[in-house]
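Visitor: The structure follows.
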Amino acid sequence: MEFLRNCWYMAGWSEELPAGALLSRTFLEQPVVLFRRQDGAPVALLDRCPHRVAPLSRGTLAGDTLRCIYHGLRFDAHGRCVENPHGAIPAKASVPAFPMAERDGVLWIWMGTPDAADTARVPDLGHMARVPATAQSRGAMPSACHYQLIVDNVADLSHVEYLHATTLGGGAFVENRPVVSEQGTEVVIELRSQGQPAPPVYDRFLPQPGVPVDFVNRVTWYPAGLLKLDISVTPMGAPPEQGLRTFNAHIVTPETRTSSHYWYWLTREYRQDDEDMTRLRHALMTRVFVEEDKPVIEAQQRLLGTADLFDAQPVLLATDTGSIRIRRVLKQLLAQEGGPAA
Ligand code: FES
Ligand SMILES: [Fe+2]
C-alpha cells in the first residue's frame with residue numbers, strides 16, 4: 001500500500017532538535033533536514049540541494065537560513081534561495097519545505113500538500129505530557145519493516161498471549177474478543193474482560209493481588225501511524241479511582257517501504273512518584289519490544305520482501321478485525337488523496 005501523505009507524522013521528540021542543530025531523517029522515502037528558526041519554530045526542508053544534490057544537512061545555519069556546504073547557495077525556512085555567491089539567483093533554485101508543528105514535546109511533519117496542512121489536526125497527547133516526569137518514559141525502536149506491520153502488531157494484541165507469554169500474557173486476549181468501531185477516520189479496538197484475574201504485569205500492583213478485575217484495553221488508531229493505548233484494571237465493582245490506569249502511545253512513521261521510525265511513550269496514573277517503578281516498567285516494555293516484537297516483525301518483512309502483507313493473501317483470524325478496518329480506512333483516505341499516491 002502507498003503512503004498516506006496528507007496527515008501529521010511524528011518527526012521526533014522536541015529535544016532531539018536543539019537550537020542550532022541540523023537533523024537529517026528520511027520520511028516516506030524522502031530525505032529531510034530539520035532545524036529550528038531563531039524563534040524556535042521547527043523547519044523541515046528536502047535534504048537535497050537543487051544545485052548538485054548535496055545534502056543540505058551537511059551545511060551551516062546562519063540565522064533562519066541554511067547554507068549548502070558545497071557551493072554556498074543559501075536557503076530560507078521556506079526553501080527559497082536567498083543568496084547565490086556566484087551570480088543571480090536562478091528561478092528554479094528552491095527546495096520543497098514541509099509544514100511542521102510541535103505539541104506536547106513531539107515534532108510533527110506534514111509530507112503531503114502544504115496548503116492542506118491542518119494544525120487543528122495535530123495529534124493531542126496532552127493527557128500524557130501532563131503526567132509527572134516520575135511516572136512517564138519514552139523510547140525509540142527503529143525497525144526494518146513497513147510501518148503497517150507495526151500498526152498491525154499493536155492493533156492485534158492477541159499476540160501478547162503467545163509472543164509475550166512469559167512477560168505480559170495472562171489469558172485476557174484470547175478469552176475475549178475485541179469490539180472494533182470507527183469514529184470518523186479513527187479506529188477503536190476495545191477489549192473488555194470481567195471477573196478474570198488481571199494480566200500479571202498489573203496484578204501484583206493491585207491493593208489485593210489475585211482478585212477478579214474489570215479489564216479494559218482500548219487501542220485507538222489515528223491515520224496513519226499513531227496508536228494510543230488506554231488500559232485500566234479495576235477490582236470488580238470498585239470505583240475507577242481504585243484501579244490501575246495507563247496511557248501509552250506507539251507512534252510510527254514510514255522511513256522507507258521496508259523501514260520505520262518507531263517511538264513509544266509510557267505513562268501511568270498510579271504510584272506516580274515511584275521512579276523505580278517507572279524504570280522497571282520501561283526496562284520491561286523495552287525488553288519486550290526489542291527482544292520479542294521486533295525480531296518477529298522484521299522477520300515478517302524479510303519473508304514478504306517488498307510485497308504488502310495483503311498481497312500475500314494471508315489467512316485471516318477473528319483477531320484481525322482491527323487491522324483490517326484500519327487498512328480499509330487507509331485505503332479510503334488514499335483514494336481521497338487521489339493522484340499517483342492512490
Ligand atoms: S550542491 Fe549545493 S550549492 Fe552546489
Ligand atoms: Fe507485542
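Just remember, in the C-alpha cells the first chain shown is A, the second B, etc., residues are 1-based per chain, and ligands are 1-based in the order shown.
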Fewer than 2 positions away in the same chain doesn't count, so skip those; otherwise give me all residues within 7 Å of region 136-153 of chain A, counting only C-alpha atoms, as JSON, numbers by chain.
Guide: {"A": [131, 132, 133, 134, 155, 156, 157, 225, 252, 253, 254, 257, 258, 259, 260, 261, 262, 263, 264, 265, 266, 267, 268, 278, 282, 294, 297, 298, 301, 323]}
Visitor: Would you save the residues from that selection as a compact mmCIF listing (two decimals), in the first residue's frame, using N, CA, C and O atoms?
Guide:
```
# COMPACT_ATOMS: atom_id res chain seq x y z
N VAL A 131 1.40 14.12 32.64
CA VAL A 131 1.76 13.15 33.69
C VAL A 131 3.12 13.56 34.27
O VAL A 131 4.02 13.94 33.52
N PRO A 132 3.30 13.52 35.62
CA PRO A 132 4.58 13.91 36.19
C PRO A 132 5.74 13.12 35.57
O PRO A 132 5.57 11.94 35.21
N ALA A 133 6.89 13.77 35.47
CA ALA A 133 8.05 13.14 34.82
C ALA A 133 8.42 11.83 35.51
O ALA A 133 8.97 10.93 34.87
N THR A 134 8.10 11.71 36.79
CA THR A 134 8.46 10.50 37.53
C THR A 134 7.60 9.30 37.14
O THR A 134 7.89 8.18 37.57
N ALA A 155 -2.49 -3.31 16.79
CA ALA A 155 -3.93 -3.42 16.60
C ALA A 155 -4.45 -4.82 16.98
O ALA A 155 -5.62 -4.99 17.28
N ASP A 156 -3.58 -5.79 16.96
CA ASP A 156 -4.00 -7.15 17.32
C ASP A 156 -3.15 -7.63 18.50
O ASP A 156 -2.09 -8.23 18.33
N LEU A 157 -3.65 -7.37 19.70
CA LEU A 157 -2.87 -7.70 20.89
C LEU A 157 -3.03 -9.15 21.33
O LEU A 157 -2.52 -9.55 22.36
N GLY A 225 -0.06 6.74 11.59
CA GLY A 225 0.86 5.94 12.40
C GLY A 225 0.78 6.14 13.89
O GLY A 225 1.72 5.82 14.60
N VAL A 252 4.45 5.58 14.85
CA VAL A 252 5.32 5.03 13.81
C VAL A 252 5.20 5.88 12.55
O VAL A 252 4.12 6.34 12.19
N THR A 253 6.35 6.16 11.96
CA THR A 253 6.42 6.97 10.74
C THR A 253 7.22 6.20 9.71
O THR A 253 8.32 5.72 10.01
N PRO A 254 6.67 6.03 8.50
CA PRO A 254 7.45 5.31 7.49
C PRO A 254 8.76 6.05 7.21
O PRO A 254 8.78 7.27 7.08
N ARG A 257 9.97 1.93 2.40
CA ARG A 257 8.96 0.87 2.32
C ARG A 257 9.31 -0.31 3.20
O ARG A 257 8.47 -1.15 3.49
N THR A 258 10.56 -0.39 3.61
CA THR A 258 10.96 -1.53 4.45
C THR A 258 11.65 -1.09 5.74
O THR A 258 12.36 -1.89 6.36
N SER A 259 11.42 0.15 6.14
CA SER A 259 11.97 0.58 7.44
C SER A 259 11.10 1.68 8.03
O SER A 259 10.45 2.44 7.29
N SER A 260 11.10 1.74 9.36
CA SER A 260 10.20 2.67 10.05
C SER A 260 10.87 3.30 11.26
O SER A 260 11.67 2.68 11.94
N HIS A 261 10.45 4.55 11.51
CA HIS A 261 10.76 5.17 12.79
C HIS A 261 9.67 4.71 13.76
O HIS A 261 8.49 4.69 13.39
N TYR A 262 10.08 4.33 14.94
CA TYR A 262 9.09 3.81 15.89
C TYR A 262 9.42 4.38 17.25
O TYR A 262 10.49 4.15 17.79
N TRP A 263 8.47 5.14 17.81
CA TRP A 263 8.66 5.73 19.14
C TRP A 263 7.56 5.22 20.07
O TRP A 263 6.43 4.99 19.64
N TYR A 264 7.90 5.04 21.34
CA TYR A 264 6.86 4.68 22.31
C TYR A 264 6.96 5.55 23.54
O TYR A 264 8.04 6.05 23.89
N TRP A 265 5.81 5.74 24.17
CA TRP A 265 5.69 6.65 25.30
C TRP A 265 4.79 5.96 26.32
O TRP A 265 3.67 5.56 25.98
N LEU A 266 5.31 5.77 27.52
CA LEU A 266 4.57 5.06 28.56
C LEU A 266 4.26 6.02 29.71
O LEU A 266 5.17 6.70 30.20
N THR A 267 3.00 6.09 30.12
CA THR A 267 2.66 6.91 31.29
C THR A 267 1.73 6.12 32.19
O THR A 267 1.09 5.16 31.76
N ARG A 268 1.65 6.55 33.44
CA ARG A 268 0.87 5.78 34.41
C ARG A 268 0.17 6.73 35.36
O ARG A 268 0.71 7.77 35.73
N THR A 278 8.84 3.27 37.47
CA THR A 278 8.94 3.81 36.11
C THR A 278 10.12 3.17 35.38
O THR A 278 9.99 2.75 34.23
N HIS A 282 9.73 0.63 32.26
CA HIS A 282 10.35 0.99 30.98
C HIS A 282 11.29 -0.12 30.52
O HIS A 282 11.28 -0.50 29.35
N LYS A 294 10.14 -6.95 17.89
CA LYS A 294 10.98 -6.51 16.76
C LYS A 294 11.53 -7.66 15.92
O LYS A 294 11.41 -7.63 14.69
N ILE A 297 8.64 -9.09 13.75
CA ILE A 297 8.14 -8.18 12.71
C ILE A 297 9.17 -8.01 11.59
O ILE A 297 8.83 -8.00 10.41
N GLU A 298 10.43 -7.89 11.98
CA GLU A 298 11.47 -7.73 10.95
C GLU A 298 11.62 -9.01 10.12
O GLU A 298 11.88 -8.95 8.92
N GLN A 301 8.95 -9.02 7.54
CA GLN A 301 9.31 -8.16 6.41
C GLN A 301 10.29 -8.87 5.46
O GLN A 301 10.15 -8.79 4.25
N SER A 323 -7.05 -4.64 12.51
CA SER A 323 -6.08 -4.23 11.48
C SER A 323 -6.71 -4.18 10.10
O SER A 323 -6.33 -3.37 9.26
```
Visitor: Collect all residues with atoms no farther than 9 Å from ligand 2, counting only C-alpha atoms and all ligand atoms, and output them as a PyMOL selection string.
Guide: chain A and resi 153-154+156-160+163-164+168+288-289+292-294
Visitor: Could those residues be written to a file, using N, CA, C and O atoms, as a compact mmCIF listing (two decimals), in the first residue's frame?
Guide:
```
# COMPACT_ATOMS: atom_id res chain seq x y z
N ASN A 153 0.64 -5.00 14.53
CA ASN A 153 1.09 -5.65 15.76
C ASN A 153 0.38 -5.07 16.99
O ASN A 153 -0.04 -5.80 17.89
N VAL A 154 0.19 -3.76 17.00
CA VAL A 154 -0.46 -3.13 18.15
C VAL A 154 -1.98 -3.26 18.04
O VAL A 154 -2.69 -3.33 19.04
N ASP A 156 -3.58 -5.79 16.96
CA ASP A 156 -4.00 -7.15 17.32
C ASP A 156 -3.15 -7.63 18.50
O ASP A 156 -2.09 -8.23 18.33
N LEU A 157 -3.65 -7.37 19.70
CA LEU A 157 -2.87 -7.70 20.89
C LEU A 157 -3.03 -9.15 21.33
O LEU A 157 -2.52 -9.55 22.36
N SER A 158 -3.73 -9.97 20.51
CA SER A 158 -3.82 -11.39 20.88
C SER A 158 -2.42 -12.02 20.88
O SER A 158 -2.19 -13.05 21.51
N HIS A 159 -1.48 -11.38 20.20
CA HIS A 159 -0.11 -11.93 20.17
C HIS A 159 0.54 -11.89 21.56
O HIS A 159 1.52 -12.59 21.82
N VAL A 160 -0.02 -11.03 22.44
CA VAL A 160 0.52 -10.93 23.80
C VAL A 160 0.57 -12.31 24.48
O VAL A 160 1.52 -12.62 25.19
N LEU A 163 3.52 -14.50 21.86
CA LEU A 163 4.84 -13.89 21.72
C LEU A 163 5.37 -13.39 23.06
O LEU A 163 6.57 -13.44 23.32
N HIS A 164 4.46 -12.89 23.90
CA HIS A 164 4.87 -12.35 25.20
C HIS A 164 4.33 -13.21 26.34
O HIS A 164 4.01 -12.70 27.42
N LEU A 168 4.05 -10.67 29.37
CA LEU A 168 2.83 -9.87 29.52
C LEU A 168 1.57 -10.72 29.51
O LEU A 168 0.51 -10.26 29.91
N VAL A 288 10.57 -6.27 26.06
CA VAL A 288 9.50 -6.96 25.32
C VAL A 288 9.49 -6.49 23.86
O VAL A 288 9.43 -7.30 22.93
N PHE A 289 9.56 -5.17 23.65
CA PHE A 289 9.50 -4.65 22.28
C PHE A 289 10.74 -5.09 21.47
O PHE A 289 10.63 -5.56 20.35
N GLU A 292 11.24 -9.26 21.75
CA GLU A 292 10.14 -10.15 21.35
C GLU A 292 9.41 -9.66 20.09
O GLU A 292 9.31 -10.40 19.11
N ASP A 293 8.91 -8.41 20.08
CA ASP A 293 8.17 -7.94 18.89
C ASP A 293 9.09 -7.73 17.68
O ASP A 293 8.81 -8.23 16.59
N LYS A 294 10.14 -6.95 17.89
CA LYS A 294 10.98 -6.51 16.76
C LYS A 294 11.53 -7.66 15.92
O LYS A 294 11.41 -7.63 14.69
```
Visitor: Work out how far CA of Leu17 (chain A) is from CA of Ala44 (chain A), in Å to one decimal.
Guide: 11.3 Å
Visitor: Counting only C-alpha atoms and all ligand atoms, which residues of chain A fall within 12 Å of ligand 1, and what is the closest atom pair for each with its distance in Å at one decimal, ordered by chain and rising number, as CSV?
Guide:
```
residue,atom,partner,partner_atom_place_in_ligand_line,distance
A:Asp47,CA,ligand 1,2 (Fe),10.4
A:Arg48,CA,ligand 1,2 (Fe),7.9
A:Cys49,CA,ligand 1,2 (Fe),4.6
A:Pro50,CA,ligand 1,2 (Fe),6.6
A:His51,CA,ligand 1,1 (S),4.5
A:Arg52,CA,ligand 1,1 (S),3.8
A:Val53,CA,ligand 1,1 (S),5.2
A:Ala54,CA,ligand 1,1 (S),4.5
A:Pro55,CA,ligand 1,2 (Fe),7.6
A:Leu56,CA,ligand 1,2 (Fe),7.1
A:Ser57,CA,ligand 1,2 (Fe),10.6
A:Arg58,CA,ligand 1,2 (Fe),9.9
A:Gly59,CA,ligand 1,2 (Fe),8.7
A:Thr60,CA,ligand 1,2 (Fe),11.5
A:Leu66,CA,ligand 1,2 (Fe),10.5
A:Arg67,CA,ligand 1,3 (S),7.9
A:Cys68,CA,ligand 1,2 (Fe),4.7
A:Ile69,CA,ligand 1,2 (Fe),6.5
A:Tyr70,CA,ligand 1,4 (Fe),4.8
A:His71,CA,ligand 1,3 (S),3.7
A:Gly72,CA,ligand 1,3 (S),4.8
A:Leu73,CA,ligand 1,3 (S),4.5
A:Arg74,CA,ligand 1,3 (S),7.8
A:Phe75,CA,ligand 1,2 (Fe),10.0
A:Cys81,CA,ligand 1,3 (S),10.1
A:Glu83,CA,ligand 1,3 (S),10.1
A:Asn84,CA,ligand 1,3 (S),8.2
A:Pro85,CA,ligand 1,3 (S),9.2
A:His86,CA,ligand 1,3 (S),9.7
A:Ile89,CA,ligand 1,3 (S),11.4
A:Pro90,CA,ligand 1,3 (S),11.8
A:Ala93,CA,ligand 1,3 (S),9.6
A:Ser94,CA,ligand 1,2 (Fe),10.8
A:Val95,CA,ligand 1,2 (Fe),10.7
```
Visitor: Taking C-alpha atoms for each residue, export the selection above as a CSV table (one decimal), in the first residue's frame.
Guide:
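Done, and the output landed in out.csv:
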```csv
chain,number,residue,atom,x,y,z
A,47,ASP,CA,17.6,17.4,2.3
A,48,ARG,CA,18.8,17.8,-1.2
A,49,CYS,CA,20.4,20.9,-2.7
A,50,PRO,CA,18.8,21.8,-6.1
A,51,HIS,CA,22.3,22.6,-7.5
A,52,ARG,CA,24.3,19.4,-7.3
A,53,VAL,CA,22.2,17.3,-4.9
A,54,ALA,CA,24.4,17.7,-1.9
A,55,PRO,CA,22.7,17.0,1.4
A,56,LEU,CA,21.7,20.4,3.0
A,57,SER,CA,22.1,18.8,6.4
A,58,ARG,CA,25.9,19.0,5.9
A,59,GLY,CA,25.6,22.8,5.5
A,60,THR,CA,25.6,25.5,8.1
A,66,LEU,CA,20.8,27.3,5.7
A,67,ARG,CA,23.9,27.5,3.5
A,68,CYS,CA,24.8,24.5,1.4
A,69,ILE,CA,28.2,23.1,2.2
A,70,TYR,CA,29.2,22.5,-1.4
A,71,HIS,CA,29.0,25.8,-3.3
A,72,GLY,CA,27.3,28.1,-0.8
A,73,LEU,CA,23.7,28.6,-2.0
A,74,ARG,CA,21.7,29.8,0.9
A,75,PHE,CA,18.0,28.9,1.5
A,81,CYS,CA,17.2,30.5,-2.3
A,83,GLU,CA,21.8,34.0,-1.9
A,84,ASN,CA,23.9,32.8,-4.7
A,85,PRO,CA,27.5,33.7,-4.2
A,86,HIS,CA,28.2,33.1,-7.9
A,89,ILE,CA,19.6,33.6,-8.1
A,90,PRO,CA,18.3,31.1,-10.7
A,93,ALA,CA,16.8,27.4,-7.0
A,94,SER,CA,14.4,26.4,-4.3
A,95,VAL,CA,13.8,23.3,-2.2
```
Visitor: Would you compute the distance between CA of Gly12 (chain A) and CA of Pro31 (chain A)? Give it in Å to one decimal.
Guide: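 According to the coordinates, CA of Gly12 (chain A) and CA of Pro31 (chain A) are separated by 14.4 Å.
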Visitor: Which polymer residues have any atom within 8 Å of an atom of Gln30 (chain A), counting only C-alpha atoms, with same-chain residues fewer than 4 positions away left out, as a VMD selection string?
Guide: chain A and resid 26 46 255
Visitor: Just checking: using only C-alpha atoms, which residue out of A:Phe35, A:Tyr270, A:Trp110, A:Phe98 ends up closest to Leu4 (chain A)?
Guide: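 Distance minimum relative to Leu4 (chain A) lands on A:Trp110.
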Visitor: Tell me which of A:Leu316, A:Arg325, A:Leu23, A:Arg302 sits closest to Gln183 (chain A), counting only C-alpha atoms.
Guide: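 Closest residue, counting only C-alpha atoms: A:Arg325.
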Visitor: Could you tell me which of A:Pro197, A:Thr167, A:Glu190, A:Ala135 comes closest to Asp276 (chain A) if we count only C-alpha atoms?
Guide: A:Ala135
Visitor: DSSP on the backbone: what in region 249-330 of chain A comes out strand (DSSP E), as a list in words?
Guide: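 Matching residues, listed in order: Ala249, His250, Ile251, Val252, Thr253, Pro254, Glu255, Thr256, Ser259, Ser260, His261, Tyr262, Trp263, Tyr264, Trp265, Leu266, Thr267 and Arg268 of chain A.
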Visitor: May I have the selected residues written with N, CA, C and O atoms, as a JSON list (two decimals), in the first residue's frame?
Guide:
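part_26.json, freshly written:
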```json
[["chain", "number", "residue", "atom", "x", "y", "z"],
["A", 249, "ALA", "N", 1.48, 5.45, 24.17],
["A", 249, "ALA", "CA", 1.35, 5.73, 22.73],
["A", 249, "ALA", "C", 2.46, 5.00, 21.98],
["A", 249, "ALA", "O", 3.59, 4.91, 22.46],
["A", 250, "HIS", "N", 2.08, 4.44, 20.85],
["A", 250, "HIS", "CA", 3.05, 3.88, 19.91],
["A", 250, "HIS", "C", 2.92, 4.73, 18.64],
["A", 250, "HIS", "O", 1.83, 4.85, 18.11],
["A", 251, "ILE", "N", 4.03, 5.31, 18.22],
["A", 251, "ILE", "CA", 3.95, 6.24, 17.09],
["A", 251, "ILE", "C", 4.96, 5.80, 16.04],
["A", 251, "ILE", "O", 6.15, 5.66, 16.33],
["A", 252, "VAL", "N", 4.45, 5.58, 14.85],
["A", 252, "VAL", "CA", 5.32, 5.03, 13.81],
["A", 252, "VAL", "C", 5.20, 5.88, 12.55],
["A", 252, "VAL", "O", 4.12, 6.34, 12.19],
["A", 253, "THR", "N", 6.35, 6.16, 11.96],
["A", 253, "THR", "CA", 6.42, 6.97, 10.74],
["A", 253, "THR", "C", 7.22, 6.20, 9.71],
["A", 253, "THR", "O", 8.32, 5.72, 10.01],
["A", 254, "PRO", "N", 6.67, 6.03, 8.50],
["A", 254, "PRO", "CA", 7.45, 5.31, 7.49],
["A", 254, "PRO", "C", 8.76, 6.05, 7.21],
["A", 254, "PRO", "O", 8.78, 7.27, 7.08],
["A", 255, "GLU", "N", 9.83, 5.27, 7.15],
["A", 255, "GLU", "CA", 11.11, 5.84, 6.70],
["A", 255, "GLU", "C", 11.22, 5.48, 5.21],
["A", 255, "GLU", "O", 11.27, 6.34, 4.36],
["A", 256, "THR", "N", 11.22, 4.18, 4.94],
["A", 256, "THR", "CA", 11.17, 3.70, 3.55],
["A", 256, "THR", "C", 10.07, 2.63, 3.52],
["A", 256, "THR", "O", 9.37, 2.43, 4.50],
["A", 259, "SER", "N", 11.42, 0.15, 6.14],
["A", 259, "SER", "CA", 11.97, 0.58, 7.44],
["A", 259, "SER", "C", 11.10, 1.68, 8.03],
["A", 259, "SER", "O", 10.45, 2.44, 7.29],
["A", 260, "SER", "N", 11.10, 1.74, 9.36],
["A", 260, "SER", "CA", 10.20, 2.67, 10.05],
["A", 260, "SER", "C", 10.87, 3.30, 11.26],
["A", 260, "SER", "O", 11.67, 2.68, 11.94],
["A", 261, "HIS", "N", 10.45, 4.55, 11.51],
["A", 261, "HIS", "CA", 10.76, 5.17, 12.79],
["A", 261, "HIS", "C", 9.67, 4.71, 13.76],
["A", 261, "HIS", "O", 8.49, 4.69, 13.39],
["A", 262, "TYR", "N", 10.08, 4.33, 14.94],
["A", 262, "TYR", "CA", 9.09, 3.81, 15.89],
["A", 262, "TYR", "C", 9.42, 4.38, 17.25],
["A", 262, "TYR", "O", 10.49, 4.15, 17.79],
["A", 263, "TRP", "N", 8.47, 5.14, 17.81],
["A", 263, "TRP", "CA", 8.66, 5.73, 19.14],
["A", 263, "TRP", "C", 7.56, 5.22, 20.07],
["A", 263, "TRP", "O", 6.43, 4.99, 19.64],
["A", 264, "TYR", "N", 7.90, 5.04, 21.34],
["A", 264, "TYR", "CA", 6.86, 4.68, 22.31],
["A", 264, "TYR", "C", 6.96, 5.55, 23.54],
["A", 264, "TYR", "O", 8.04, 6.05, 23.89],
["A", 265, "TRP", "N", 5.81, 5.74, 24.17],
["A", 265, "TRP", "CA", 5.69, 6.65, 25.30],
["A", 265, "TRP", "C", 4.79, 5.96, 26.32],
["A", 265, "TRP", "O", 3.67, 5.56, 25.98],
["A", 266, "LEU", "N", 5.31, 5.77, 27.52],
["A", 266, "LEU", "CA", 4.57, 5.06, 28.56],
["A", 266, "LEU", "C", 4.26, 6.02, 29.71],
["A", 266, "LEU", "O", 5.17, 6.70, 30.20],
["A", 267, "THR", "N", 3.00, 6.09, 30.12],
["A", 267, "THR", "CA", 2.66, 6.91, 31.29],
["A", 267, "THR", "C", 1.73, 6.12, 32.19],
["A", 267, "THR", "O", 1.09, 5.16, 31.76],
["A", 268, "ARG", "N", 1.65, 6.55, 33.44],
["A", 268, "ARG", "CA", 0.87, 5.78, 34.41],
["A", 268, "ARG", "C", 0.17, 6.73, 35.36],
["A", 268, "ARG", "O", 0.71, 7.77, 35.73]]
```
Visitor: Taking 3 positions as the minimum chain separation for residues in the same chain, which residues sit within 9 Å of Thr220 (chain A) when counting only C-alpha atoms? Answer as a list in words.
Guide: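 Listed by chain and then number, they are Ala155, Glu186, Val187, Val188, Ile189, Glu190, Leu226, Leu227, Lys228, Leu229 and Asp230 of chain A.
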Visitor: With C-alpha atoms retained, export the selected residues as a CSV table (one decimal), in the first residue's frame.
Guide:
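Now in part-v5.csv:
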```csv
chain,number,residue,atom,x,y,z
A,155,ALA,CA,-3.9,-3.4,16.6
A,186,GLU,CA,-10.2,6.8,13.8
A,187,VAL,CA,-10.5,3.1,14.5
A,188,VAL,CA,-11.1,2.0,18.1
A,189,ILE,CA,-10.3,-1.6,19.2
A,190,GLU,CA,-11.6,-2.3,22.6
A,226,LEU,CA,-0.4,6.9,15.8
A,227,LEU,CA,-1.8,4.3,18.2
A,228,LYS,CA,-3.0,5.5,21.7
A,229,LEU,CA,-3.5,2.9,24.3
A,230,ASP,CA,-5.8,3.4,27.3
```
Visitor: Tell me, in Å to one decimal, how far CA of Ala41 (chain A) is from CA of Asp64 (chain A).
Guide: 10.0 Å
Visitor: So that I can check the secondary structure, give me every residue of region 82-139 of chain A assigned alpha helix (DSSP H) by backbone DSSP, as a list in words.
Guide: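 Those residues are Gly126, His127, Met128 and Ala129 of chain A.
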Visitor: Would you mind exporting N, CA, C and O atoms of the selected residues as an mmCIF file, in the first residue's frame?
Guide:
```
data_model
loop_
_atom_site.group_PDB
_atom_site.id
_atom_site.type_symbol
_atom_site.label_atom_id
_atom_site.label_comp_id
_atom_site.auth_asym_id
_atom_site.auth_seq_id
_atom_site.Cartn_x
_atom_site.Cartn_y
_atom_site.Cartn_z
ATOM 1 N N GLY A 126 -1.687 15.641 25.083
ATOM 2 C CA GLY A 126 -1.567 16.453 26.290
ATOM 3 C C GLY A 126 -1.819 15.658 27.561
ATOM 4 O O GLY A 126 -1.185 15.903 28.589
ATOM 5 N N HIS A 127 -2.733 14.678 27.507
ATOM 6 C CA HIS A 127 -3.037 13.894 28.715
ATOM 7 C C HIS A 127 -1.800 13.123 29.171
ATOM 8 O O HIS A 127 -1.655 12.834 30.353
ATOM 9 N N MET A 128 -0.905 12.805 28.235
ATOM 10 C CA MET A 128 0.316 12.090 28.605
ATOM 11 C C MET A 128 1.407 13.083 28.999
ATOM 12 O O MET A 128 2.157 12.848 29.949
ATOM 13 N N ALA A 129 1.468 14.207 28.276
ATOM 14 C CA ALA A 129 2.509 15.209 28.581
ATOM 15 C C ALA A 129 2.311 15.759 29.999
ATOM 16 O O ALA A 129 3.280 16.162 30.648
#
```
